[in-house]
Each structure stands twice: as C-alpha cells, then as structure tokens.
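See below for structure.cif, which holds mmCIF, C-alpha atoms.
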```
data_run
loop_
_atom_site.group_PDB
_atom_site.id
_atom_site.type_symbol
_atom_site.label_atom_id
_atom_site.label_comp_id
_atom_site.auth_asym_id
_atom_site.auth_seq_id
_atom_site.Cartn_x
_atom_site.Cartn_y
_atom_site.Cartn_z
ATOM 1 C CA MET A 1 0.000 0.000 0.000
ATOM 2 C CA TYR A 2 1.425 3.306 -1.047
ATOM 3 C CA PRO A 3 1.266 6.171 1.469
ATOM 4 C CA GLU A 4 0.082 8.532 -1.277
ATOM 5 C CA PHE A 5 -3.140 6.597 -1.636
ATOM 6 C CA VAL A 6 -4.124 6.520 2.057
ATOM 7 C CA GLY A 7 -6.246 9.660 1.626
ATOM 8 C CA ILE A 8 -8.059 8.102 -1.329
ATOM 9 C CA TYR A 9 -8.734 4.894 0.602
ATOM 10 C CA VAL A 10 -10.051 6.816 3.596
ATOM 11 C CA GLY A 11 -12.249 8.941 1.341
ATOM 12 C CA LEU A 12 -13.639 5.873 -0.412
ATOM 13 C CA GLY A 13 -14.311 4.225 2.943
ATOM 14 C CA ILE A 14 -16.241 7.270 4.143
ATOM 15 C CA VAL A 15 -18.267 7.383 0.919
ATOM 16 C CA ILE A 16 -19.134 3.684 1.226
ATOM 17 C CA VAL A 17 -20.209 4.063 4.859
ATOM 18 C CA LEU A 18 -22.392 7.079 3.985
ATOM 19 C CA LEU A 19 -24.020 5.217 1.090
ATOM 20 C CA LEU A 20 -24.798 2.254 3.331
ATOM 21 C CA ALA A 21 -26.290 4.597 5.939
ATOM 22 C CA LEU A 22 -28.486 6.228 3.271
ATOM 23 C CA ILE A 23 -29.693 2.847 2.026
ATOM 24 C CA VAL A 24 -30.598 1.744 5.554
ATOM 25 C CA LEU A 25 -32.369 5.060 6.187
ATOM 26 C CA ALA A 26 -34.348 4.751 2.941
ATOM 27 C CA ILE A 27 -35.442 1.216 3.842
ATOM 28 C CA VAL A 28 -36.578 2.308 7.312
ATOM 29 C CA ILE A 29 -38.544 5.262 5.907
ATOM 30 C CA LEU A 30 -40.202 3.129 3.230
ATOM 31 C CA LYS A 31 -41.248 0.542 5.818
ATOM 32 C CA LYS A 32 -42.748 3.255 8.035
ATOM 33 C CA ILE A 33 -44.661 4.754 5.122
ATOM 34 C CA GLY A 34 -45.942 1.341 4.060
ATOM 35 C CA SER A 35 -47.141 0.455 7.550
ATOM 36 C CA ALA A 36 -48.903 3.759 8.276
ATOM 37 C CA PRO A 37 -52.388 3.059 9.642
ATOM 38 C CA VAL A 38 -55.352 4.113 7.550
ATOM 39 C CA ARG A 39 -57.566 6.600 9.343
ATOM 40 C CA PRO A 40 -61.288 5.816 9.312
ATOM 41 C CA VAL A 41 -63.541 8.118 7.342
ATOM 42 C CA ALA A 42 -65.875 10.337 9.338
ATOM 43 C CA ALA A 43 -69.565 9.564 8.824
ATOM 44 C CA ALA A 44 -70.235 13.067 7.469
ATOM 45 C CA ALA A 45 -67.557 12.705 4.800
ATOM 46 C CA ARG A 46 -68.908 9.375 3.553
ATOM 47 C CA PRO A 47 -71.664 9.417 0.948
ATOM 48 C CA ALA A 48 -74.862 7.652 1.945
ATOM 49 C CA ALA A 49 -75.205 4.067 0.771
ATOM 50 C CA GLY A 50 -76.835 3.815 -2.638
ATOM 51 C CA VAL A 51 -76.606 7.552 -3.334
ATOM 52 C CA ALA A 52 -74.653 8.524 -6.421
ATOM 53 C CA THR A 53 -72.393 11.492 -5.861
ATOM 54 C CA ALA A 54 -71.071 13.598 -8.687
ATOM 55 C CA VAL A 55 -67.970 15.687 -8.331
ATOM 56 C CA THR A 56 -68.363 19.046 -9.986
ATOM 57 C CA PRO A 57 -65.110 20.869 -10.553
ATOM 58 C CA THR A 58 -64.911 24.477 -9.438
ATOM 59 C CA ALA A 59 -64.604 27.352 -11.881
ATOM 60 C CA GLY A 60 -60.815 27.454 -11.464
ATOM 61 C CA GLY A 61 -60.512 23.756 -12.316
ATOM 62 C CA ASN A 62 -59.207 22.820 -8.881
ATOM 63 C CA VAL A 63 -59.705 19.098 -9.209
ATOM 64 C CA VAL A 64 -57.271 16.590 -7.713
ATOM 65 C CA PHE A 65 -56.997 12.839 -7.970
ATOM 66 C CA CYS A 66 -56.904 10.520 -4.966
ATOM 67 C CA ARG A 67 -53.587 8.715 -4.579
ATOM 68 C CA ASN A 68 -55.368 5.651 -3.200
ATOM 69 C CA CYS A 69 -58.404 5.082 -5.446
ATOM 70 C CA ALA A 70 -57.554 7.481 -8.342
ATOM 71 C CA LYS A 71 -60.987 9.126 -8.248
ATOM 72 C CA GLN A 72 -61.160 12.868 -8.784
ATOM 73 C CA PHE A 73 -62.563 15.298 -6.245
ATOM 74 C CA ASP A 74 -62.540 18.992 -5.426
ATOM 75 C CA ASN A 75 -59.276 20.545 -4.242
ATOM 76 C CA SER A 76 -60.986 22.175 -1.255
ATOM 77 C CA MET A 77 -61.815 18.774 0.293
ATOM 78 C CA ARG A 78 -59.313 17.404 2.812
ATOM 79 C CA PHE A 79 -60.267 13.733 2.434
ATOM 80 C CA CYS A 80 -61.272 11.715 -0.609
ATOM 81 C CA PRO A 81 -65.078 11.342 -0.536
ATOM 82 C CA HIS A 82 -64.828 7.874 -2.090
ATOM 83 C CA CYS A 83 -62.264 6.092 0.088
ATOM 84 C CA GLY A 84 -61.459 8.592 2.858
ATOM 85 C CA THR A 85 -57.731 8.867 2.195
ATOM 86 C CA ASN A 86 -56.127 12.065 3.473
ATOM 87 C CA ARG A 87 -55.076 14.386 0.678
#
```

Before we go any further, please render this structure as structure tokens.
Amino acid sequence: MYPEFVGIYVGLGIVIVLLLALIVLAIVILKKIGSAPVRPVAAAARPAAGVATAVTPTAGGNVVFCRNCAKQFDNSMRFCPHCGTNR
C-alpha cells in the first residue's frame, strides 16, 4: 500500500459508509410509510349508501386525484369522498 493513496482509501471508505447509511435510512422510511395506519372516514364525509355522488369541478378547475383510489374530487376537500384517504 502506497502512502500517497491513504487519503483516497479513507475517502472511499467514508463514501461507502455514507451510502450504506443512506440505504438503511431509505429502507426504514419506506417501511414506516408502508405500515402507516389508515384513518377511518368520518360519517359526514362518507356518501350515503346507494346515493350517487357527482364531483363538480370548481370554476378554477381545482380538481385533484386521490392517490389511493384514483378518483377525482374537489381541491378544497381534505379527504377523498370515495375512500377517505387524506389528501
């Protein structure tokens, strides 16, 4: 081992350790996101059984799509009226 390369070896070691730490952190975060509990929908936010609900977009076109069920609903609503997922 040449003494000139010690700095390069130390630098590479630090980079490898940091990459491993980032991979472990990403795995932990993804597991926490995947295991997040689903909050129940409030009774007032749920449409009545058998009643068809139509989403009418506002004049500004503020319509968003639910990330859970992919249905569209008004941007002013905090929860999806179809499945209750938080926006």

_Straight-line distance linking atom CA of Asn75 of chain A with atom CA of Val63 of chain A, stated in Å to one decimal_ = 5.2 Å

*Å distance separating atom CA of Gln72 of chain A from atom CA of Gly84 of chain A, one decimal place*: 12.4 Å

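Interatomic distance, atom CA of Asn86 of chain A against atom CA of Arg67 of chain A: 9.1 Å.
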
Can you list what the PyMOL selection byres ((chain A and resi 83) around 9) grabs from this structure, as a CSV table (one decimal) with C-alpha atoms, in the frame of the given file?
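To be explicit, this is the file written out as part-v6.csv:
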```csv
chain,number,residue,atom,x,y,z
A,41,VAL,CA,-63.5,8.1,7.3
A,46,ARG,CA,-68.9,9.4,3.6
A,66,CYS,CA,-56.9,10.5,-5.0
A,68,ASN,CA,-55.4,5.7,-3.2
A,69,CYS,CA,-58.4,5.1,-5.4
A,71,LYS,CA,-61.0,9.1,-8.2
A,79,PHE,CA,-60.3,13.7,2.4
A,80,CYS,CA,-61.3,11.7,-0.6
A,81,PRO,CA,-65.1,11.3,-0.5
A,82,HIS,CA,-64.8,7.9,-2.1
A,84,GLY,CA,-61.5,8.6,2.9
A,85,THR,CA,-57.7,8.9,2.2
```
